[in-house]
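Working notes for the structure below.
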Amino acid sequence: MKVITTAAEMQQLLLAIKPKRIGFVPTMGCLHQGHLTLIEKSTKYDDVTVCSIFVNPSQFNNPEDFQKYPVTLEADRALLEQYSCDYLFLPDVNEIYPPGYQPVLFDIGKLDTIWEGEHRPGHFQGVCNVMNRLLEIIPADDLWMGQKDLQQCLVIQKLMNSTGRKNVFFHRVDTIRENSGLAMSSRNTRLRKEALAAAAALYDALQLIRRQYRFVPFSQLLAKAHEQLLQHGFEKVEYIAIARENDLAAMNEYVAEEKYAAIAAAWIEGVRLIDNIIL
Ligand code: AMP
């Protein structure tokens, strides 16, 4: 695996290997099986796989969260080698945002201000700016991202459309979970053993919704799921909701034709976790 740290070199290298099919897996590092599944899919499907590791400051609305974001670079490199990734793009912040860089305001509609957008103001604009820059540097044919961040997937699909990248194929990959059901996440490394076990309640709450949403009024069911999270050690629930799968509009009652997702964000032991399932 080649490790590239400058945008110019990365871009030149990849333009030179076109028309080979390029798969791209953007990450913030501290890699786990969720990330590695994306790499695995890309290496099977594409001629060349590029993984980026860049902890993007502009998508952190909370400076403490950015400071505490886990970095495990040596382990990440070894894992990427093991999974036959071809290129690791490891830029520093000046490569992504050169001096004088002016953030772009992207029109991503309501997704900017609901759920994650509401609770993390500016987050998705940060995500769009970094993805737009990464895709300027990496001429990807396939973009591999996780359903774990469902709203992010929808945001990026909008970004691709609005920036004329309709020929980049977007692959949304199922969430990889621990045996307990807890969605794998780099932030899980910040939890102690007991909290890690308790955090599986997030998935259990989503499963409760899956079992009952056809029969129980949404408001009653969501209140029950909320309560269940608090009982199992979560200190705060930012949201737990039923939303339309394709745009995450909040839904208040069951309509058979709609496709729904159950989505949640909650805090345990000072760590903010998110998860979702398609119903
Ligand atoms: P991150 O490093 O958190 O920015 O994640 C990089 C990519 O990995 C994003 O597309 C995430 O949605 C995806 N990802 C993170 N956790 C998981 C998981 N448990 N299962 C599948 N994909 C994941």
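Here's how to read the names in the structure tokens: chain A, B, ... by the order shown, residue numbers from 1 in each chain, ligand numbers from 1 in the order shown.
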Shell around Pro19 (chain A) at 12 Å using only C-alpha atoms, local window under 2 positions removed, as a VMD selection string: chain A and resid 14 to 17 21 to 22 46 to 48 139 to 141
Take the selection from the previous step and output its residues with C-alpha atoms, as a PDB file, in the first residue's frame.
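Okay, out-v4.pdb is ready:
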ATOM      1  CA  LEU A  14      -4.933   8.505  -9.753  1.00  0.00           C
ATOM      2  CA  LEU A  15      -5.424  10.454 -12.965  1.00  0.00           C
ATOM      3  CA  ALA A  16      -2.546   8.438 -14.412  1.00  0.00           C
ATOM      4  CA  ILE A  17      -4.227   5.119 -13.654  1.00  0.00           C
ATOM      5  CA  ARG A  21     -12.138   1.877 -11.742  1.00  0.00           C
ATOM      6  CA  ILE A  22     -11.363   3.713  -8.523  1.00  0.00           C
ATOM      7  CA  ASP A  46     -12.961  -1.808  -8.014  1.00  0.00           C
ATOM      8  CA  ASP A  47      -9.557  -2.026  -9.669  1.00  0.00           C
ATOM      9  CA  VAL A  48      -7.996   0.346  -7.193  1.00  0.00           C
ATOM     10  CA  PRO A 139     -11.493  10.915  -9.084  1.00  0.00           C
ATOM     11  CA  ALA A 140     -13.630   8.139  -7.624  1.00  0.00           C
ATOM     12  CA  ASP A 141     -15.979   5.964  -9.660  1.00  0.00           C
TER      13      ASP A 141
END
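Within 8 Å of region 226-240 of chain A there are Trp115, His119, Ala195, Ala198, Ala199, Ala201, Leu202, Ala205, Ala262, Ile263, Ala264, Ala265, Ala266, Trp267, Ile268 and Glu269 of chain A, counting only C-alpha atoms and ignoring same-chain residues fewer than 6 positions away.
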Given 6 Å and only C-alpha atoms and all ligand atoms, residues near ligand 1 as a PyMOL selection string: chain A and resi 26-29+34-35+145-149+174-177+183-185
Every residue of region 64-219 of chain A that DSSP places in strand (DSSP E or B), as a PyMOL selection string: chain A and resi 87-89+142-146+169-173+177+183
Could the residues in this selection be saved with C-alpha atoms as a PDB file, in the first residue's frame?
ATOM      1  CA  TYR A  87      -3.568   3.798  -1.425  1.00  0.00           C
ATOM      2  CA  LEU A  88      -3.868   5.513   1.914  1.00  0.00           C
ATOM      3  CA  PHE A  89      -4.410   9.243   1.533  1.00  0.00           C
ATOM      4  CA  ASP A 142     -17.405   4.333  -6.548  1.00  0.00           C
ATOM      5  CA  LEU A 143     -17.954   5.878  -3.171  1.00  0.00           C
ATOM      6  CA  TRP A 144     -18.341   3.430  -0.287  1.00  0.00           C
ATOM      7  CA  MET A 145     -20.078   4.723   2.847  1.00  0.00           C
ATOM      8  CA  GLY A 146     -21.867   3.202   5.828  1.00  0.00           C
ATOM      9  CA  PHE A 169     -21.754   5.470  -7.902  1.00  0.00           C
ATOM     10  CA  PHE A 170     -22.811   5.699  -4.273  1.00  0.00           C
ATOM     11  CA  HIS A 171     -22.796   2.450  -2.283  1.00  0.00           C
ATOM     12  CA  ARG A 172     -24.532   2.453   1.084  1.00  0.00           C
ATOM     13  CA  VAL A 173     -23.196  -0.465   3.090  1.00  0.00           C
ATOM     14  CA  ARG A 177     -22.344  -4.444  14.713  1.00  0.00           C
ATOM     15  CA  ALA A 183     -23.043  -0.448  16.004  1.00  0.00           C
TER      16      ALA A 183
END
Straight-line distance linking CA of Ile39 (chain A) with CA of Arg190 (chain A), stated in Å to one decimal: 23.8 Å
Nearby residues (only C-alpha atoms) at most 10 Å from Asn132 (chain A), same-chain spacing under 3 positions excluded, as a PyMOL selection string: chain A and resi 96+104+106+126-129+135-138+156+159-160+163
Residue neighbourhood region 210-216 of chain A, 12 Å, only C-alpha atoms, exclusion window fewer than 6 positions, as a ChimeraX atom specification: /A:203-204,222-225,241-243,251-263,276-279
Nearest-residue call for Ile274 (chain A), choices A:Ser162, A:Gln67, A:Gln152, A:Thr49, using only C-alpha atoms: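 Of the candidates, the smallest distance to Ile274 (chain A) is held by A:Gln152.
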Closest of A:Glu116, A:Asp92, A:Glu178, A:Asp275 to Ala7 (chain A) - atom-to-atom distances counting only C-alpha atoms: A:Asp92
Who sits within 8 Å of Leu31 (chain A), only C-alpha atoms, same chain under 6 positions skipped, as number ranges by chain: A: 72, 76, 79, 186
Selection export as an mmCIF file, in the first residue's frame, atoms kept: C-alpha atoms:
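Everything below was put into again.cif:
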data_model
loop_
_atom_site.group_PDB
_atom_site.id
_atom_site.type_symbol
_atom_site.label_atom_id
_atom_site.label_comp_id
_atom_site.auth_asym_id
_atom_site.auth_seq_id
_atom_site.Cartn_x
_atom_site.Cartn_y
_atom_site.Cartn_z
ATOM 1 C CA THR A 72 -4.550 4.986 15.978
ATOM 2 C CA ASP A 76 -4.894 1.633 10.869
ATOM 3 C CA LEU A 79 -5.181 -3.109 8.914
ATOM 4 C CA SER A 186 -14.563 4.760 16.670
#
